[in-house]
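Asks: Dropping in target-v6.pdb, which is PDB, C-alpha atoms, pLDDT in the B column:
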```
ATOM      1  CA  MET A 674       0.000   0.000   0.000  1.00 53.00           C
ATOM      2  CA  ILE A 675       1.308   3.413  -0.934  1.00 61.00           C
ATOM      3  CA  ARG A 676       2.408   5.417   2.115  1.00 65.00           C
ATOM      4  CA  LEU A 677       1.243   8.924   1.223  1.00 63.00           C
ATOM      5  CA  ALA A 678       0.265  10.054   4.723  1.00 59.00           C
ATOM      6  CA  GLN A 679       3.840  11.075   5.538  1.00 65.00           C
ATOM      7  CA  PHE A 680       3.977  13.086   2.294  1.00 69.00           C
ATOM      8  CA  GLU A 681       1.000  15.332   3.025  1.00 72.00           C
ATOM      9  CA  ASP A 682       3.307  18.326   3.585  1.00 77.00           C
ATOM     10  CA  TYR A 683       4.780  17.889   0.109  1.00 90.00           C
ATOM     11  CA  CYS A 684       3.138  19.278  -2.994  1.00 95.00           C
ATOM     12  CA  LEU A 685       2.241  16.166  -4.963  1.00 96.00           C
ATOM     13  CA  SER A 686      -0.149  16.555  -7.861  1.00 97.00           C
ATOM     14  CA  LYS A 687      -3.194  14.322  -8.061  1.00 96.00           C
ATOM     15  CA  LEU A 688      -1.766  13.038 -11.341  1.00 97.00           C
ATOM     16  CA  LEU A 689       1.456  11.961  -9.637  1.00 97.00           C
ATOM     17  CA  ILE A 690      -0.456  10.339  -6.779  1.00 95.00           C
ATOM     18  CA  ASN A 691      -2.480   8.340  -9.314  1.00 96.00           C
ATOM     19  CA  GLN A 692       0.713   7.312 -11.141  1.00 97.00           C
ATOM     20  CA  LEU A 693       2.277   6.216  -7.855  1.00 95.00           C
ATOM     21  CA  GLN A 694      -0.830   4.198  -6.988  1.00 94.00           C
ATOM     22  CA  LEU A 695      -0.705   2.428 -10.366  1.00 95.00           C
ATOM     23  CA  ILE A 696       2.970   1.587  -9.883  1.00 93.00           C
ATOM     24  CA  ASP A 697       2.273   0.377  -6.373  1.00 91.00           C
ATOM     25  CA  ASP A 698      -0.575  -1.827  -7.610  1.00 91.00           C
ATOM     26  CA  GLU A 699       1.603  -3.295 -10.388  1.00 90.00           C
ATOM     27  CA  THR A 700       5.008  -3.684  -8.724  1.00 88.00           C
ATOM     28  CA  GLY A 701       4.844  -2.407  -5.155  1.00 85.00           C
ATOM     29  CA  ASN A 702       7.829  -0.181  -5.968  1.00 88.00           C
ATOM     30  CA  SER A 703       6.316   3.276  -5.474  1.00 93.00           C
ATOM     31  CA  ASP A 704       8.443   3.637  -2.316  1.00 92.00           C
ATOM     32  CA  LEU A 705      11.520   3.918  -4.522  1.00 92.00           C
ATOM     33  CA  ILE A 706      10.042   7.011  -6.160  1.00 94.00           C
ATOM     34  CA  LEU A 707       8.874   8.459  -2.860  1.00 93.00           C
ATOM     35  CA  GLN A 708      12.381   7.945  -1.488  1.00 92.00           C
ATOM     36  CA  GLU A 709      13.783  10.210  -4.226  1.00 94.00           C
ATOM     37  CA  ILE A 710      11.178  12.829  -3.315  1.00 95.00           C
ATOM     38  CA  GLU A 711      12.236  12.605   0.336  1.00 93.00           C
ATOM     39  CA  ILE A 712      15.838  13.134  -0.747  1.00 94.00           C
ATOM     40  CA  LEU A 713      14.833  16.161  -2.867  1.00 95.00           C
ATOM     41  CA  GLU A 714      12.987  17.555   0.147  1.00 94.00           C
ATOM     42  CA  GLY A 715      16.018  17.046   2.385  1.00 91.00           C
ATOM     43  CA  LYS A 716      14.062  14.672   4.620  1.00 88.00           C
ATOM     44  CA  ALA A 717      16.059  11.501   3.957  1.00 82.00           C
ATOM     45  CA  SER A 718      19.424  10.716   5.474  1.00 78.00           C
ATOM     46  CA  ASP A 719      20.348   8.665   2.408  1.00 80.00           C
ATOM     47  CA  LEU A 720      22.050  10.149  -0.594  1.00 85.00           C
ATOM     48  CA  SER A 721      20.520   9.520  -3.973  1.00 90.00           C
ATOM     49  CA  SER A 722      22.283   6.961  -6.154  1.00 91.00           C
ATOM     50  CA  THR A 723      20.662   8.363  -9.288  1.00 92.00           C
ATOM     51  CA  LYS A 724      21.724  11.288 -11.400  1.00 91.00           C
ATOM     52  CA  ILE A 725      21.465  14.793  -9.954  1.00 93.00           C
ATOM     53  CA  PRO A 726      18.340  16.872 -10.692  1.00 96.00           C
ATOM     54  CA  THR A 727      18.463  18.766 -13.959  1.00 96.00           C
ATOM     55  CA  GLN A 728      16.467  21.716 -15.203  1.00 98.00           C
ATOM     56  CA  TYR A 729      14.988  21.551 -18.693  1.00 97.00           C
ATOM     57  CA  LYS A 730      16.536  24.151 -20.983  1.00 97.00           C
ATOM     58  CA  HIS A 731      14.270  23.785 -24.021  1.00 97.00           C
ATOM     59  CA  LEU A 732      10.595  24.346 -24.671  1.00 97.00           C
ATOM     60  CA  PRO A 733       8.026  23.058 -23.958  1.00 98.00           C
ATOM     61  CA  LEU A 734       9.409  21.886 -20.581  1.00 98.00           C
ATOM     62  CA  LYS A 735      11.839  24.771 -20.094  1.00 97.00           C
ATOM     63  CA  GLY A 736      12.006  25.823 -16.449  1.00 97.00           C
ATOM     64  CA  LEU A 737      10.751  22.512 -15.058  1.00 98.00           C
ATOM     65  CA  TRP A 738      13.087  20.044 -13.370  1.00 98.00           C
ATOM     66  CA  HIS A 739      13.524  16.295 -13.598  1.00 97.00           C
ATOM     67  CA  LYS A 740      15.060  13.826 -11.174  1.00 97.00           C
ATOM     68  CA  HIS A 741      15.813  10.235 -12.034  1.00 95.00           C
ATOM     69  CA  PHE A 742      14.383   7.442  -9.944  1.00 95.00           C
ATOM     70  CA  PHE A 743      15.588   3.860 -10.002  1.00 92.00           C
ATOM     71  CA  MET A 744      13.616   0.623  -9.955  1.00 91.00           C
ATOM     72  CA  PRO A 745      14.754  -3.002 -10.352  1.00 90.00           C
ATOM     73  CA  GLU A 746      13.529  -3.159 -13.933  1.00 89.00           C
ATOM     74  CA  PHE A 747      16.228  -0.597 -14.852  1.00 91.00           C
ATOM     75  CA  ILE A 748      19.125  -2.888 -13.880  1.00 92.00           C
ATOM     76  CA  VAL A 749      19.724  -4.139 -17.428  1.00 89.00           C
ATOM     77  CA  LYS A 750      19.866  -0.602 -18.849  1.00 89.00           C
ATOM     78  CA  ASN A 751      22.324   0.476 -16.149  1.00 90.00           C
ATOM     79  CA  LEU A 752      24.545  -2.562 -16.655  1.00 90.00           C
ATOM     80  CA  CYS A 753      24.551  -1.938 -20.420  1.00 89.00           C
ATOM     81  CA  LEU A 754      25.623   1.647 -19.773  1.00 89.00           C
ATOM     82  CA  HIS A 755      28.325   0.506 -17.327  1.00 88.00           C
ATOM     83  CA  LEU A 756      29.620  -2.075 -19.773  1.00 88.00           C
ATOM     84  CA  GLY A 757      29.427   0.298 -22.725  1.00 85.00           C
ATOM     85  CA  ILE A 758      27.225  -2.097 -24.652  1.00 82.00           C
ATOM     86  CA  ASP A 759      25.175   0.752 -26.129  1.00 69.00           C
ATOM     87  CA  ARG A 760      28.321   2.501 -27.374  1.00 64.00           C
ATOM     88  CA  THR A 761      31.065   1.667 -29.848  1.00 66.00           C
ATOM     89  CA  ASN A 762      33.705   1.543 -27.094  1.00 67.00           C
ATOM     90  CA  SER A 763      32.709  -1.350 -24.868  1.00 74.00           C
ATOM     91  CA  ASN A 764      34.065  -1.407 -21.316  1.00 79.00           C
ATOM     92  CA  VAL A 765      33.790  -5.198 -21.161  1.00 80.00           C
ATOM     93  CA  SER A 766      37.327  -5.862 -22.404  1.00 80.00           C
ATOM     94  CA  ASN A 767      38.713  -3.268 -19.942  1.00 82.00           C
ATOM     95  CA  ILE A 768      36.920  -4.966 -17.042  1.00 84.00           C
ATOM     96  CA  ILE A 769      38.114  -8.419 -18.143  1.00 81.00           C
ATOM     97  CA  ASN A 770      41.693  -7.159 -18.471  1.00 82.00           C
ATOM     98  CA  GLN A 771      41.555  -5.487 -15.032  1.00 83.00           C
ATOM     99  CA  VAL A 772      40.338  -8.668 -13.351  1.00 82.00           C
ATOM    100  CA  PHE A 773      42.808 -10.987 -15.047  1.00 80.00           C
ATOM    101  CA  ASP A 774      45.793  -8.601 -14.947  1.00 81.00           C
ATOM    102  CA  SER A 775      45.358  -8.010 -11.211  1.00 78.00           C
ATOM    103  CA  SER A 776      45.647 -11.743 -10.514  1.00 74.00           C
ATOM    104  CA  ASN A 777      49.277 -12.048 -11.700  1.00 76.00           C
ATOM    105  CA  SER A 778      48.475 -15.574 -12.843  1.00 76.00           C
ATOM    106  CA  ASP A 779      48.660 -17.281 -16.223  1.00 79.00           C
ATOM    107  CA  VAL A 780      45.925 -19.700 -15.130  1.00 85.00           C
ATOM    108  CA  ILE A 781      42.279 -18.673 -14.932  1.00 86.00           C
ATOM    109  CA  THR A 782      41.010 -19.642 -11.500  1.00 88.00           C
ATOM    110  CA  GLU A 783      37.515 -19.926 -10.073  1.00 91.00           C
ATOM    111  CA  ASP A 784      38.200 -16.838  -7.935  1.00 90.00           C
ATOM    112  CA  MET A 785      39.118 -14.853 -11.045  1.00 88.00           C
ATOM    113  CA  VAL A 786      35.896 -15.908 -12.772  1.00 91.00           C
ATOM    114  CA  MET A 787      33.842 -15.040  -9.673  1.00 93.00           C
ATOM    115  CA  ASN A 788      35.560 -11.654  -9.482  1.00 91.00           C
ATOM    116  CA  LEU A 789      34.799 -11.060 -13.169  1.00 91.00           C
ATOM    117  CA  VAL A 790      31.134 -11.971 -12.686  1.00 92.00           C
ATOM    118  CA  TYR A 791      30.974  -9.569  -9.730  1.00 94.00           C
ATOM    119  CA  GLU A 792      32.603  -6.714 -11.676  1.00 90.00           C
ATOM    120  CA  LEU A 793      30.284  -7.246 -14.658  1.00 89.00           C
ATOM    121  CA  THR A 794      27.128  -7.269 -12.504  1.00 92.00           C
ATOM    122  CA  GLU A 795      26.868  -6.235  -8.859  1.00 94.00           C
ATOM    123  CA  GLY A 796      30.160  -4.324  -8.926  1.00 94.00           C
ATOM    124  CA  GLY A 797      29.003  -2.375 -11.962  1.00 92.00           C
ATOM    125  CA  MET A 798      25.747  -1.428 -10.275  1.00 95.00           C
ATOM    126  CA  LYS A 799      27.565  -0.459  -7.079  1.00 95.00           C
ATOM    127  CA  LYS A 800      30.013   1.721  -9.015  1.00 93.00           C
ATOM    128  CA  ARG A 801      27.178   3.515 -10.861  1.00 92.00           C
ATOM    129  CA  ALA A 802      25.301   4.021  -7.571  1.00 93.00           C
ATOM    130  CA  ASP A 803      28.401   5.304  -5.747  1.00 93.00           C
ATOM    131  CA  GLU A 804      29.010   7.775  -8.581  1.00 93.00           C
ATOM    132  CA  GLN A 805      25.316   8.814  -8.616  1.00 91.00           C
ATOM    133  CA  LYS A 806      25.011   7.564 -12.180  1.00 91.00           C
ATOM    134  CA  LEU A 807      22.075   5.180 -11.874  1.00 90.00           C
ATOM    135  CA  THR A 808      19.473   6.021 -14.441  1.00 89.00           C
ATOM    136  CA  GLY A 809      15.814   5.198 -14.635  1.00 90.00           C
ATOM    137  CA  GLU A 810      12.779   7.250 -15.441  1.00 95.00           C
ATOM    138  CA  TRP A 811      11.899  10.769 -14.289  1.00 97.00           C
ATOM    139  CA  ILE A 812      10.024  12.671 -11.631  1.00 98.00           C
ATOM    140  CA  ILE A 813       9.065  15.997 -13.239  1.00 98.00           C
ATOM    141  CA  TYR A 814       8.651  18.899 -10.853  1.00 98.00           C
ATOM    142  CA  ALA A 815       8.568  22.674 -10.630  1.00 98.00           C
ATOM    143  CA  LYS A 816      10.239  24.973  -8.130  1.00 98.00           C
ATOM    144  CA  TYR A 817       8.183  27.912  -6.926  1.00 97.00           C
ATOM    145  CA  GLU A 818       8.841  30.237  -3.981  1.00 96.00           C
ATOM    146  CA  GLY A 819      11.205  27.791  -2.328  1.00 95.00           C
ATOM    147  CA  LYS A 820       8.962  24.734  -2.679  1.00 96.00           C
ATOM    148  CA  ASN A 821       9.000  21.770  -5.010  1.00 97.00           C
ATOM    149  CA  TYR A 822       5.763  20.886  -6.798  1.00 98.00           C
ATOM    150  CA  TYR A 823       5.881  17.277  -8.017  1.00 98.00           C
ATOM    151  CA  LEU A 824       3.824  17.051 -11.191  1.00 98.00           C
ATOM    152  CA  THR A 825       4.218  13.767 -13.057  1.00 98.00           C
ATOM    153  CA  LEU A 826       6.373  10.761 -13.826  1.00 98.00           C
ATOM    154  CA  ALA A 827       7.768  10.504 -17.331  1.00 97.00           C
ATOM    155  CA  LEU A 828       9.661   8.069 -19.497  1.00 94.00           C
ATOM    156  CA  HIS A 829      12.947   8.866 -21.233  1.00 88.00           C
ATOM    157  CA  ASP A 830      11.487   8.046 -24.603  1.00 91.00           C
ATOM    158  CA  GLU A 831       8.326  10.097 -24.108  1.00 96.00           C
ATOM    159  CA  ASP A 832       8.088  13.127 -26.346  1.00 97.00           C
ATOM    160  CA  ASP A 833       8.449  16.405 -24.426  1.00 97.00           C
ATOM    161  CA  ASN A 834       5.221  17.675 -26.019  1.00 98.00           C
ATOM    162  CA  VAL A 835       3.314  14.676 -24.642  1.00 98.00           C
ATOM    163  CA  ILE A 836       4.730  15.261 -21.160  1.00 98.00           C
ATOM    164  CA  HIS A 837       3.940  18.980 -21.389  1.00 98.00           C
ATOM    165  CA  LYS A 838       0.350  18.346 -22.501  1.00 98.00           C
ATOM    166  CA  ARG A 839      -0.182  15.906 -19.616  1.00 98.00           C
ATOM    167  CA  ILE A 840       1.164  18.463 -17.140  1.00 98.00           C
ATOM    168  CA  ILE A 841      -0.984  21.283 -18.566  1.00 98.00           C
ATOM    169  CA  ASP A 842      -4.121  19.120 -18.707  1.00 98.00           C
ATOM    170  CA  HIS A 843      -3.786  17.690 -15.206  1.00 98.00           C
ATOM    171  CA  CYS A 844      -1.580  20.001 -13.138  1.00 98.00           C
ATOM    172  CA  LYS A 845      -2.357  23.511 -14.358  1.00 97.00           C
ATOM    173  CA  PRO A 846      -5.854  23.456 -12.787  1.00 97.00           C
ATOM    174  CA  GLU A 847      -4.343  22.264  -9.491  1.00 97.00           C
ATOM    175  CA  PHE A 848      -1.324  24.609  -9.462  1.00 97.00           C
ATOM    176  CA  PRO A 849      -2.236  27.520 -11.791  1.00 97.00           C
ATOM    177  CA  PHE A 850       0.427  29.795 -10.279  1.00 97.00           C
ATOM    178  CA  LEU A 851       3.147  27.554 -11.772  1.00 96.00           C
ATOM    179  CA  PHE A 852       2.044  28.373 -15.292  1.00 92.00           C
TER     180      PHE A 852
END
```
Show how you would write the structure in this file as structure tokens.
Replies:
Amino acid sequence: MIRLAQFEDYCLSKLLINQLQLIDDETGNSDLILQEIEILEGKASDLSSTKIPTQYKHLPLKGLWHKHFFMPEFIVKNLCLHLGIDRTNSNVSNIINQVFDSSNSDVITEDMVMNLVYELTEGGMKKRADEQKLTGEWIIYAKYEGKNYYLTLALHDEDDNVIHKRIIDHCKPEFPFLF
């Protein structure tokens, strides 16, 4: 069950609350999004392991902010980014060379293979988290008079015009002073 009672002092749009409820009903992972909001509000002792908040610089979302949130279903994307699989310069050979070169052995041992598996998976995720490079989808919000107004969740591959229309249609009536 979504734990919104402790967020009543935050400015969450009805749209965002509905999105969180849908995510909670489907995966039970809405807490991961709410945790990022707590971090943005300075109410969490944890540091975020996702990318830092960024302000949109281009219309139609210019002036709004987005903050990444992470969920388990984003592990593959993050590992691909860590390994460089989406790019022409793969990091896989560098990681393999690091593991095997550090062993000072001509024989591949079970420990070397286990270390390689760790570096290609859990170690890669830990490194991205420690460097605040985990990626996922977005919490879109506005800043107004020292407060954050959390408007909607959005996907990386969603067109900015679609996100903007959703915000105008659902959030402008609730927070007209933001527009």
Asks: Apply the PyMOL selection byres ((chain A and resi 773) around 12) to the file shown and report the selected residues as a PDB file with C-alpha atoms, in the frame of the given file.
Replies:
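The resulting file, result-v7.pdb, is shown below:
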```
ATOM      1  CA  SER A 766      37.327  -5.862 -22.404  1.00 80.00           C
ATOM      2  CA  ASN A 767      38.713  -3.268 -19.942  1.00 82.00           C
ATOM      3  CA  ILE A 768      36.920  -4.966 -17.042  1.00 84.00           C
ATOM      4  CA  ILE A 769      38.114  -8.419 -18.143  1.00 81.00           C
ATOM      5  CA  ASN A 770      41.693  -7.159 -18.471  1.00 82.00           C
ATOM      6  CA  GLN A 771      41.555  -5.487 -15.032  1.00 83.00           C
ATOM      7  CA  VAL A 772      40.338  -8.668 -13.351  1.00 82.00           C
ATOM      8  CA  ASP A 774      45.793  -8.601 -14.947  1.00 81.00           C
ATOM      9  CA  SER A 775      45.358  -8.010 -11.211  1.00 78.00           C
ATOM     10  CA  SER A 776      45.647 -11.743 -10.514  1.00 74.00           C
ATOM     11  CA  ASN A 777      49.277 -12.048 -11.700  1.00 76.00           C
ATOM     12  CA  SER A 778      48.475 -15.574 -12.843  1.00 76.00           C
ATOM     13  CA  ASP A 779      48.660 -17.281 -16.223  1.00 79.00           C
ATOM     14  CA  VAL A 780      45.925 -19.700 -15.130  1.00 85.00           C
ATOM     15  CA  ILE A 781      42.279 -18.673 -14.932  1.00 86.00           C
ATOM     16  CA  THR A 782      41.010 -19.642 -11.500  1.00 88.00           C
ATOM     17  CA  GLU A 783      37.515 -19.926 -10.073  1.00 91.00           C
ATOM     18  CA  ASP A 784      38.200 -16.838  -7.935  1.00 90.00           C
ATOM     19  CA  MET A 785      39.118 -14.853 -11.045  1.00 88.00           C
ATOM     20  CA  VAL A 786      35.896 -15.908 -12.772  1.00 91.00           C
ATOM     21  CA  MET A 787      33.842 -15.040  -9.673  1.00 93.00           C
ATOM     22  CA  ASN A 788      35.560 -11.654  -9.482  1.00 91.00           C
ATOM     23  CA  LEU A 789      34.799 -11.060 -13.169  1.00 91.00           C
ATOM     24  CA  VAL A 790      31.134 -11.971 -12.686  1.00 92.00           C
ATOM     25  CA  GLU A 792      32.603  -6.714 -11.676  1.00 90.00           C
TER      26      GLU A 792
END
```
Asks: Report the distance between atom CA of A:Arg801 and atom CA of A:Glu831 in Å, rounded to one decimal place.
Replies: 24.0 Å
Asks: Counting all atoms listed in the file, which residues of stretch 780-820 of chain A fall within 12 Å of stretch 688-695 of chain A, and what is the closest atom pair for each with its distance in Å at one decimal, ordered by chain and rising number, as JSON lines?
Replies:
```
{"residue": "A:Trp811", "atom": "CA", "partner": "A:Leu689", "partner_atom": "CA", "distance": 11.5}
{"residue": "A:Ile812", "atom": "CA", "partner": "A:Leu689", "partner_atom": "CA", "distance": 8.8}
{"residue": "A:Ile813", "atom": "CA", "partner": "A:Leu689", "partner_atom": "CA", "distance": 9.3}
{"residue": "A:Tyr814", "atom": "CA", "partner": "A:Leu689", "partner_atom": "CA", "distance": 10.1}
```
Asks: So the first atom is atom CA of A:Asn764 and the second is atom CA of A:Asp803; what is the distance between them in Å, to one decimal place?
Replies: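 Atom CA of A:Asn764 sits 17.9 Å away from atom CA of A:Asp803.
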Asks: What is the atom CA of A:Asn834-atom CA of A:Glu810 distance in Å, reported with one decimal?
Replies: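 Going from atom CA of A:Asn834 over to atom CA of A:Glu810, I get 16.7 Å.
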Asks: Mind checking which residues fall within 12 Å of A:His739, counting all atoms listed in the file, ignoring those fewer than 6 positions away in the same chain, and posting them as an MDAnalysis selection string?
Replies: chainID A and resid 709:710 713 723:730 808:816 821:829 833 836
Asks: Nearest to A:His741 among A:Leu756, A:Leu807, A:Val835, A:Leu707, with distances taken over only C-alpha atoms: which residue is it?
Replies: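 With only C-alpha atoms as the atom set, the closest residue is A:Leu807.
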Asks: Excluding A:Pro846 and any residue of its chain fewer than 6 positions from it, enumerate the residues within 12 Å of it, using all atoms listed in the file, and give them as a count of residues only.
Replies: 7
Asks: For stretch 712-729 of chain A, what centre and edge lengths in Å (one decimal) does the axis-aligned box get once 5 Å is added on each side of all its listed atoms, as AutoDock Vina command-line options?
Replies:
```
--center_x 17.6 --center_y 14.3 --center_z -6.6 --size_x 19.3 --size_y 24.8 --size_z 34.2
```
Asks: Mind checking which residues fall within 8 Å of A:Met798, counting all atoms listed in the file, ignoring those fewer than 4 positions away in the same chain, and posting them as a list in words?
Replies: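 The residues satisfying every condition are Ile748, Asn751, Leu752, His755, Thr794, Ala802 and Leu807 of chain A.
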Asks: Go through A:Phe743, A:Phe850, A:Tyr791, A:Tyr683 and flag the residue nearest A:Lys806, using only C-alpha atoms for the distances.
Replies: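 For A:Lys806, the nearest of the candidates is A:Phe743.
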Asks: How would stretch 679-689 of chain A read, as a PDB file, in the frame of the given file, once all heavy atoms are built in?
Replies:
```pdb
ATOM      1  N   GLN A 679       2.665  10.333   5.113  1.00 65.00           N
ATOM      2  CA  GLN A 679       3.840  11.075   5.538  1.00 65.00           C
ATOM      3  C   GLN A 679       4.279  12.102   4.507  1.00 65.00           C
ATOM      4  O   GLN A 679       5.184  12.882   4.757  1.00 65.00           O
ATOM      5  CB  GLN A 679       4.979  10.127   5.881  1.00 65.00           C
ATOM      6  CG  GLN A 679       5.628   9.469   4.679  1.00 65.00           C
ATOM      7  CD  GLN A 679       6.618   8.418   5.108  1.00 65.00           C
ATOM      8  OE1 GLN A 679       6.233   7.372   5.597  1.00 65.00           O
ATOM      9  NE2 GLN A 679       7.888   8.709   4.921  1.00 65.00           N
ATOM     10  N   PHE A 680       3.625  12.145   3.350  1.00 69.00           N
ATOM     11  CA  PHE A 680       3.977  13.086   2.294  1.00 69.00           C
ATOM     12  C   PHE A 680       2.951  14.212   2.168  1.00 69.00           C
ATOM     13  O   PHE A 680       2.994  14.973   1.219  1.00 69.00           O
ATOM     14  CB  PHE A 680       4.121  12.353   0.954  1.00 69.00           C
ATOM     15  CG  PHE A 680       5.318  11.460   0.914  1.00 69.00           C
ATOM     16  CD1 PHE A 680       5.242  10.158   1.346  1.00 69.00           C
ATOM     17  CD2 PHE A 680       6.536  11.950   0.468  1.00 69.00           C
ATOM     18  CE1 PHE A 680       6.364   9.342   1.332  1.00 69.00           C
ATOM     19  CE2 PHE A 680       7.660  11.151   0.452  1.00 69.00           C
ATOM     20  CZ  PHE A 680       7.572   9.836   0.890  1.00 69.00           C
ATOM     21  N   GLU A 681       2.062  14.335   3.143  1.00 72.00           N
ATOM     22  CA  GLU A 681       1.000  15.332   3.025  1.00 72.00           C
ATOM     23  C   GLU A 681       1.524  16.764   3.052  1.00 72.00           C
ATOM     24  O   GLU A 681       0.869  17.668   2.547  1.00 72.00           O
ATOM     25  CB  GLU A 681      -0.070  15.129   4.100  1.00 72.00           C
ATOM     26  CG  GLU A 681       0.431  15.253   5.512  1.00 72.00           C
ATOM     27  CD  GLU A 681      -0.609  14.827   6.535  1.00 72.00           C
ATOM     28  OE1 GLU A 681      -1.505  14.049   6.197  1.00 72.00           O
ATOM     29  OE2 GLU A 681      -0.506  15.297   7.674  1.00 72.00           O
ATOM     30  N   ASP A 682       2.724  16.979   3.585  1.00 77.00           N
ATOM     31  CA  ASP A 682       3.307  18.326   3.585  1.00 77.00           C
ATOM     32  C   ASP A 682       3.984  18.661   2.263  1.00 77.00           C
ATOM     33  O   ASP A 682       4.374  19.800   2.039  1.00 77.00           O
ATOM     34  CB  ASP A 682       4.326  18.468   4.717  1.00 77.00           C
ATOM     35  CG  ASP A 682       3.668  18.440   6.084  1.00 77.00           C
ATOM     36  OD1 ASP A 682       2.455  18.715   6.167  1.00 77.00           O
ATOM     37  OD2 ASP A 682       4.365  18.135   7.069  1.00 77.00           O
ATOM     38  N   TYR A 683       4.147  17.677   1.412  1.00 90.00           N
ATOM     39  CA  TYR A 683       4.780  17.889   0.109  1.00 90.00           C
ATOM     40  C   TYR A 683       3.700  18.217  -0.907  1.00 90.00           C
ATOM     41  O   TYR A 683       2.547  17.836  -0.758  1.00 90.00           O
ATOM     42  CB  TYR A 683       5.545  16.660  -0.341  1.00 90.00           C
ATOM     43  CG  TYR A 683       6.608  16.181   0.627  1.00 90.00           C
ATOM     44  CD1 TYR A 683       7.122  14.913   0.509  1.00 90.00           C
ATOM     45  CD2 TYR A 683       7.096  16.979   1.650  1.00 90.00           C
ATOM     46  CE1 TYR A 683       8.102  14.451   1.379  1.00 90.00           C
ATOM     47  CE2 TYR A 683       8.062  16.527   2.519  1.00 90.00           C
ATOM     48  CZ  TYR A 683       8.567  15.266   2.381  1.00 90.00           C
ATOM     49  OH  TYR A 683       9.520  14.818   3.243  1.00 90.00           O
ATOM     50  N   CYS A 684       4.092  18.883  -1.961  1.00 95.00           N
ATOM     51  CA  CYS A 684       3.138  19.278  -2.994  1.00 95.00           C
ATOM     52  C   CYS A 684       3.164  18.245  -4.117  1.00 95.00           C
ATOM     53  O   CYS A 684       3.914  18.382  -5.088  1.00 95.00           O
ATOM     54  CB  CYS A 684       3.481  20.668  -3.518  1.00 95.00           C
ATOM     55  SG  CYS A 684       3.401  21.930  -2.235  1.00 95.00           S
ATOM     56  N   LEU A 685       2.362  17.220  -3.960  1.00 96.00           N
ATOM     57  CA  LEU A 685       2.241  16.166  -4.963  1.00 96.00           C
ATOM     58  C   LEU A 685       0.955  16.382  -5.738  1.00 96.00           C
ATOM     59  O   LEU A 685      -0.118  16.517  -5.154  1.00 96.00           O
ATOM     60  CB  LEU A 685       2.183  14.780  -4.308  1.00 96.00           C
ATOM     61  CG  LEU A 685       3.303  14.383  -3.357  1.00 96.00           C
ATOM     62  CD1 LEU A 685       3.043  12.996  -2.788  1.00 96.00           C
ATOM     63  CD2 LEU A 685       4.648  14.426  -4.047  1.00 96.00           C
ATOM     64  N   SER A 686       1.063  16.403  -7.052  1.00 97.00           N
ATOM     65  CA  SER A 686      -0.149  16.555  -7.861  1.00 97.00           C
ATOM     66  C   SER A 686      -1.011  15.303  -7.758  1.00 97.00           C
ATOM     67  O   SER A 686      -0.515  14.208  -7.447  1.00 97.00           O
ATOM     68  CB  SER A 686       0.210  16.814  -9.318  1.00 97.00           C
ATOM     69  OG  SER A 686       0.706  15.625  -9.919  1.00 97.00           O
ATOM     70  N   LYS A 687      -2.287  15.477  -8.029  1.00 96.00           N
ATOM     71  CA  LYS A 687      -3.194  14.322  -8.061  1.00 96.00           C
ATOM     72  C   LYS A 687      -2.770  13.344  -9.146  1.00 96.00           C
ATOM     73  O   LYS A 687      -2.874  12.125  -8.982  1.00 96.00           O
ATOM     74  CB  LYS A 687      -4.635  14.791  -8.292  1.00 96.00           C
ATOM     75  CG  LYS A 687      -5.188  15.571  -7.116  1.00 96.00           C
ATOM     76  CD  LYS A 687      -6.556  16.154  -7.425  1.00 96.00           C
ATOM     77  CE  LYS A 687      -6.990  17.047  -6.285  1.00 96.00           C
ATOM     78  NZ  LYS A 687      -8.136  17.862  -6.616  1.00 96.00           N
ATOM     79  N   LEU A 688      -2.268  13.871 -10.256  1.00 97.00           N
ATOM     80  CA  LEU A 688      -1.766  13.038 -11.341  1.00 97.00           C
ATOM     81  C   LEU A 688      -0.632  12.148 -10.845  1.00 97.00           C
ATOM     82  O   LEU A 688      -0.631  10.939 -11.072  1.00 97.00           O
ATOM     83  CB  LEU A 688      -1.279  13.910 -12.501  1.00 97.00           C
ATOM     84  CG  LEU A 688      -0.508  13.205 -13.615  1.00 97.00           C
ATOM     85  CD1 LEU A 688      -1.394  12.194 -14.331  1.00 97.00           C
ATOM     86  CD2 LEU A 688       0.053  14.233 -14.591  1.00 97.00           C
ATOM     87  N   LEU A 689       0.326  12.727 -10.152  1.00 97.00           N
ATOM     88  CA  LEU A 689       1.456  11.961  -9.637  1.00 97.00           C
ATOM     89  C   LEU A 689       0.985  10.924  -8.622  1.00 97.00           C
ATOM     90  O   LEU A 689       1.442   9.771  -8.650  1.00 97.00           O
ATOM     91  CB  LEU A 689       2.496  12.891  -9.011  1.00 97.00           C
ATOM     92  CG  LEU A 689       3.716  12.187  -8.427  1.00 97.00           C
ATOM     93  CD1 LEU A 689       4.514  11.483  -9.510  1.00 97.00           C
ATOM     94  CD2 LEU A 689       4.590  13.172  -7.677  1.00 97.00           C
TER      95      LEU A 689
END
```
